[in-house]
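Q: Next up, start_29.cif (mmCIF, C-alpha atoms).
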```cif
data_target
#
loop_
_atom_site.group_PDB
_atom_site.id
_atom_site.type_symbol
_atom_site.label_atom_id
_atom_site.label_comp_id
_atom_site.auth_asym_id
_atom_site.auth_seq_id
_atom_site.Cartn_x
_atom_site.Cartn_y
_atom_site.Cartn_z
ATOM 1 C CA MET X 1427 24.881 194.498 -82.174
ATOM 2 C CA THR X 1428 21.878 192.363 -81.235
ATOM 3 C CA ASP X 1429 21.116 191.486 -77.639
ATOM 4 C CA PRO X 1430 21.447 187.682 -77.049
ATOM 5 C CA ALA X 1431 18.396 187.711 -74.781
ATOM 6 C CA ARG X 1432 16.352 189.305 -77.554
ATOM 7 C CA VAL X 1433 17.556 186.658 -80.020
ATOM 8 C CA ARG X 1434 16.554 183.877 -77.582
ATOM 9 C CA ARG X 1435 13.113 185.423 -77.080
ATOM 10 C CA HIS X 1436 12.566 185.637 -80.833
ATOM 11 C CA ALA X 1437 13.723 182.045 -81.317
ATOM 12 C CA GLU X 1438 11.304 180.842 -78.646
ATOM 13 C CA ARG X 1439 8.513 182.872 -80.233
ATOM 14 C CA VAL X 1440 9.318 181.369 -83.670
ATOM 15 C CA ARG X 1441 9.084 177.868 -82.176
ATOM 16 C CA GLU X 1442 5.705 178.635 -80.571
ATOM 17 C CA LEU X 1443 4.310 180.267 -83.708
ATOM 18 C CA VAL X 1444 5.373 177.487 -86.054
ATOM 19 C CA ALA X 1445 3.984 174.851 -83.681
ATOM 20 C CA SER X 1446 0.608 176.573 -83.404
ATOM 21 C CA VAL X 1447 0.329 177.193 -87.167
ATOM 22 C CA VAL X 1448 1.282 173.582 -87.966
ATOM 23 C CA ARG X 1449 -1.300 172.339 -85.468
ATOM 24 C CA SER X 1450 -4.176 174.598 -86.484
ATOM 25 C CA GLN X 1451 -3.778 175.980 -90.020
ATOM 26 C CA ILE X 1452 -1.882 173.480 -92.169
ATOM 27 C CA LYS X 1453 -4.300 170.898 -93.540
ATOM 28 C CA ASP X 1454 -1.830 168.996 -95.717
ATOM 29 C CA PRO X 1455 -2.555 165.221 -95.574
ATOM 30 C CA ARG X 1456 1.185 164.514 -95.913
ATOM 31 C CA LEU X 1457 1.820 166.130 -92.533
ATOM 32 C CA GLY X 1458 2.433 163.377 -89.996
ATOM 33 C CA MET X 1459 2.583 163.329 -86.220
ATOM 34 C CA ILE X 1460 4.980 166.258 -85.901
ATOM 35 C CA THR X 1461 6.498 167.915 -82.859
ATOM 36 C CA ILE X 1462 8.416 171.181 -83.097
ATOM 37 C CA THR X 1463 11.337 170.657 -80.709
ATOM 38 C CA ASP X 1464 13.451 173.789 -81.077
ATOM 39 C CA ALA X 1465 14.084 176.916 -83.108
ATOM 40 C CA ARG X 1466 17.272 178.907 -83.520
ATOM 41 C CA ILE X 1467 17.628 182.278 -85.128
ATOM 42 C CA THR X 1468 20.747 184.083 -86.298
ATOM 43 C CA ALA X 1469 21.984 187.185 -84.479
ATOM 44 C CA ASP X 1470 20.835 189.440 -87.342
ATOM 45 C CA LEU X 1471 17.320 187.899 -87.092
ATOM 46 C CA ARG X 1472 17.313 187.043 -90.809
ATOM 47 C CA GLU X 1473 17.371 183.229 -90.768
ATOM 48 C CA ALA X 1474 15.585 180.815 -88.477
ATOM 49 C CA THR X 1475 16.138 177.072 -88.234
ATOM 50 C CA VAL X 1476 13.218 175.031 -86.926
ATOM 51 C CA PHE X 1477 13.894 171.521 -85.585
ATOM 52 C CA TYR X 1478 11.117 168.938 -85.608
ATOM 53 C CA THR X 1479 10.510 165.246 -84.980
ATOM 54 C CA VAL X 1480 8.057 162.963 -86.725
ATOM 55 C CA LEU X 1481 6.510 159.835 -85.314
ATOM 56 C CA GLY X 1482 6.682 157.131 -87.944
ATOM 57 C CA ASP X 1483 8.935 155.563 -90.532
ATOM 58 C CA THR X 1484 11.139 157.153 -93.167
ATOM 59 C CA ALA X 1485 8.230 157.625 -95.571
ATOM 60 C CA ALA X 1486 6.306 159.627 -92.948
ATOM 61 C CA GLN X 1487 9.395 161.769 -92.324
ATOM 62 C CA GLN X 1488 9.819 162.478 -96.048
ATOM 63 C CA ASP X 1489 6.124 163.306 -96.466
ATOM 64 C CA THR X 1490 6.218 165.671 -93.501
ATOM 65 C CA ALA X 1491 9.356 167.370 -94.833
ATOM 66 C CA ALA X 1492 7.588 167.913 -98.179
ATOM 67 C CA ALA X 1493 4.485 169.310 -96.443
ATOM 68 C CA LEU X 1494 6.579 171.732 -94.392
ATOM 69 C CA GLU X 1495 8.485 172.817 -97.484
ATOM 70 C CA SER X 1496 5.240 173.578 -99.322
ATOM 71 C CA ALA X 1497 3.857 175.530 -96.336
ATOM 72 C CA LYS X 1498 7.073 177.470 -95.787
ATOM 73 C CA GLY X 1499 5.746 180.703 -97.355
ATOM 74 C CA MET X 1500 2.642 180.810 -95.186
ATOM 75 C CA LEU X 1501 4.698 180.003 -92.097
ATOM 76 C CA ARG X 1502 7.231 182.720 -92.909
ATOM 77 C CA SER X 1503 4.560 185.388 -93.399
ATOM 78 C CA THR X 1504 2.815 184.400 -90.161
ATOM 79 C CA VAL X 1505 6.095 184.501 -88.222
ATOM 80 C CA GLY X 1506 7.093 187.825 -89.792
ATOM 81 C CA LYS X 1507 3.777 189.505 -88.930
ATOM 82 C CA ALA X 1508 3.806 188.167 -85.365
ATOM 83 C CA LEU X 1509 7.400 189.183 -84.626
ATOM 84 C CA GLY X 1510 6.973 192.691 -86.069
ATOM 85 C CA LEU X 1511 10.460 192.794 -87.529
ATOM 86 C CA ARG X 1512 11.527 194.793 -90.572
ATOM 87 C CA HIS X 1513 12.476 191.590 -92.400
ATOM 88 C CA SER X 1514 10.717 188.272 -91.943
ATOM 89 C CA PRO X 1515 13.267 185.576 -91.137
ATOM 90 C CA SER X 1516 13.647 182.838 -93.716
ATOM 91 C CA LEU X 1517 12.756 179.426 -92.335
ATOM 92 C CA ALA X 1518 14.713 176.208 -92.682
ATOM 93 C CA PHE X 1519 13.305 172.946 -91.346
ATOM 94 C CA VAL X 1520 15.664 170.295 -89.958
ATOM 95 C CA LEU X 1521 14.611 166.819 -88.891
ATOM 96 C CA ASP X 1522 15.739 166.309 -85.303
ATOM 97 C CA ASN X 1523 16.698 162.635 -84.986
ATOM 98 C CA VAL X 1524 16.432 162.430 -81.224
ATOM 99 C CA GLN X 1525 15.288 158.799 -81.330
ATOM 100 C CA ASP X 1526 18.323 157.719 -83.346
ATOM 101 C CA GLN X 1527 20.666 159.548 -80.992
ATOM 102 C CA VAL X 1528 18.987 157.983 -77.953
ATOM 103 C CA LYS X 1529 19.344 154.516 -79.479
ATOM 104 C CA HIS X 1530 23.008 155.165 -80.264
ATOM 105 C CA ILE X 1531 23.705 156.335 -76.703
ATOM 106 C CA ASP X 1532 21.857 153.314 -75.276
ATOM 107 C CA ASP X 1533 23.994 151.013 -77.449
ATOM 108 C CA LEU X 1534 27.168 152.712 -76.218
ATOM 109 C CA LEU X 1535 26.052 152.360 -72.594
ATOM 110 C CA ALA X 1536 25.303 148.662 -73.130
ATOM 111 C CA GLN X 1537 28.778 148.159 -74.590
ATOM 112 C CA ALA X 1538 30.321 149.947 -71.606
ATOM 113 C CA ARG X 1539 28.334 147.774 -69.158
ATOM 114 C CA HIS X 1540 29.469 144.648 -70.988
ATOM 115 C CA ALA X 1541 33.119 145.792 -70.911
ATOM 116 C CA ASP X 1542 32.867 146.594 -67.178
ATOM 117 C CA ALA X 1543 31.385 143.167 -66.473
ATOM 118 C CA GLU X 1544 34.225 141.542 -68.416
ATOM 119 C CA VAL X 1545 36.820 143.489 -66.414
ATOM 120 C CA GLN X 1546 35.163 142.490 -63.139
ATOM 121 C CA ARG X 1547 35.014 138.844 -64.230
ATOM 122 C CA ARG X 1548 38.726 138.864 -65.010
ATOM 123 C CA ALA X 1549 39.600 140.707 -61.799
ATOM 124 C CA ALA X 1550 37.665 138.212 -59.629
ATOM 125 C CA GLY X 1551 40.183 135.416 -60.213
ATOM 126 C CA ALA X 1552 43.272 137.620 -60.343
ATOM 127 C CA ALA X 1553 46.137 137.446 -57.865
ATOM 128 C CA TYR X 1554 48.969 139.825 -57.088
ATOM 129 C CA ALA X 1555 52.002 139.544 -59.354
ATOM 130 C CA GLY X 1556 54.366 139.728 -56.362
ATOM 131 C CA GLU X 1557 53.830 139.798 -52.644
ATOM 132 C CA PRO X 1558 50.548 141.286 -51.412
ATOM 133 C CA GLN X 1559 52.381 144.052 -49.517
ATOM 134 C CA PRO X 1560 55.769 144.531 -51.160
ATOM 135 C CA TYR X 1561 56.730 147.599 -49.094
ATOM 136 C CA ARG X 1562 56.514 145.965 -45.670
ATOM 137 C CA GLU X 1563 60.044 145.800 -44.245
ATOM 138 C CA ALA X 1564 59.639 143.700 -41.115
ATOM 139 C CA ASP X 1565 57.148 141.206 -39.733
ATOM 140 C CA ASP X 1566 54.586 142.430 -37.225
ATOM 141 C CA GLU X 1567 56.144 140.435 -34.354
ATOM 142 C CA ASP X 1568 59.633 141.937 -34.833
ATOM 143 C CA SER X 1569 58.369 145.501 -35.010
ATOM 144 C CA GLU X 1570 56.273 145.130 -31.839
ATOM 145 C CA GLY X 1571 59.239 143.888 -29.831
ATOM 146 C CA ASP X 1572 61.450 146.763 -30.967
ATOM 147 C CA GLU X 1573 58.821 149.333 -30.075
ATOM 148 C CA GLY X 1574 58.395 147.836 -26.598
ATOM 149 C CA GLU X 1575 62.090 148.144 -25.841
ATOM 150 C CA GLN X 1576 62.170 151.738 -26.966
ATOM 151 C CA SER X 1577 59.154 152.709 -24.929
ATOM 152 C CA GLY X 1578 60.570 151.091 -21.767
ATOM 153 C CA ALA X 1579 63.530 153.494 -21.539
ATOM 154 C CA THR X 1580 64.038 155.323 -18.289
ATOM 155 C CA GLY X 1581 64.380 159.013 -17.724
ATOM 156 C CA ALA X 1582 68.152 158.696 -17.304
ATOM 157 C CA ASP X 1583 68.421 157.009 -20.696
ATOM 158 C CA ARG X 1584 66.546 159.865 -22.325
ATOM 159 C CA GLY X 1585 68.889 162.611 -21.480
ATOM 160 C CA GLY X 1586 69.618 162.686 -17.845
ATOM 161 C CA ASP X 1587 68.222 163.915 -14.658
ATOM 162 C CA HIS X 1588 65.712 166.794 -14.860
ATOM 163 C CA ARG X 1589 65.486 168.899 -11.716
#
```
Can you present the structure in this file as structure tokens?
A:
Amino acid sequence: MTDPARVRRHAERVRELVASVVRSQIKDPRLGMITITDARITADLREATVFYTVLGDTAAQQDTAAALESAKGMLRSTVGKALGLRHSPSLAFVLDNVQDQVKHIDDLLAQARHADAEVQRRAAGAAYAGEPQPYREADDEDSEGDEGEQSGATGADRGGDHR
């Protein structure tokens, strides 16, 4: 069984290696403004998934994906030699659409703000359906008078003479 800490270390090393090779050794003109965001490797250390983002439109993303696919063999051999494993992990590249997810979350937050503002607008002019305090049994004046009479009782009224 493989140690999870070892798997994490190898995944981090794969991310660093791929990023440095893409930056320094791949001279493909199709390669756009790429950032390697993450890498994950299976527990058996046979398959690695590399996540990346590309600055630009859909055409730039497709061109970068093609450039990475053509450089996959060189990247795999470099990663395999650097990790020193018995088997070089196969690499799969996945476009990480962080920008799209951020835009989607921002849209959801804007909808929630709008819904909250609508609820507050409706609540501003609202009134109680019944009395404001439906559980109050007596008026304040009646309850104060009753309490005063009870507190004015003498010692004899409370249970007799204490000697």
Q: Would you compute the distance between atom CA of X:Gln1487 and atom CA of X:Arg1456? Give it in Å to one decimal.
A: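 If I compute the distance from atom CA of X:Gln1487 to atom CA of X:Arg1456, I get 9.4 Å.
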Q: What is the distance, in Å and to one decimal place, between atom CA of X:Leu1457 and atom CA of X:His1530?
A: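 Atom CA of X:His1530 lies 26.8 Å from atom CA of X:Leu1457.
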Q: Here is a test: counting only C-alpha atoms, which residue of X:Thr1479, X:Ser1503, X:Gln1546, X:Ser1516 is nearest to X:Ala1491?
A: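 Of X:Thr1479, X:Ser1503, X:Gln1546, X:Ser1516, the one nearest X:Ala1491, counting only C-alpha atoms, is X:Thr1479.
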Q: Excluding same-chain residues fewer than 5 positions from X:Ala1492, what lies within 12 Å of it counting all atoms listed in the file, as a list of chain:residue names?
A: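 The contact residues come out as X:Asp1454, X:Pro1455, X:Arg1456, X:Leu1457, X:Gly1458, X:Ala1485, X:Ala1486, X:Gln1487, X:Ala1497, X:Lys1498, X:Phe1519, X:Val1520, X:Leu1521.
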Q: Would you work out the distance separating atom CA of X:Leu1501 from atom CA of X:Leu1517, expressed in Å to one decimal?
A: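 Answer for the atom CA of X:Leu1501 to atom CA of X:Leu1517 separation: 8.1 Å.
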Q: Pick the closest to X:Arg1512 from X:Arg1434, X:Arg1472, X:Ala1445, X:Ala1564: which is it, counting only C-alpha atoms?
A: X:Arg1472
Q: Selected by the PyMOL selection byres ((chain X and resi 1467) around 10) in the shown coordinates: which residues, as a list in words?
A: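 After applying the PyMOL selection byres ((chain X and resi 1467) around 10), what remains is Val1433, Arg1434, Arg1435, His1436, Ala1437, Glu1438, Val1440, Ala1465, Arg1466, Thr1468, Ala1469, Asp1470, Leu1471, Arg1472, Glu1473, Ala1474, Thr1475, Val1476, Pro1515, Ser1516 and Leu1517 of chain X.
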Q: Would you please work out which residue, of X:Met1459, X:Ala1541, X:Val1447, X:Ala1518, is nearest to X:Val1480 when using all atoms listed in the file?
A: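 Result for the nearest residue to X:Val1480: X:Met1459.
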Q: Apply the PyMOL selection byres ((chain X and resi 1461) around 6) to the displayed file and report the matching residues as number ranges by chain.
A: X: 1460, 1462-1463, 1478-1479
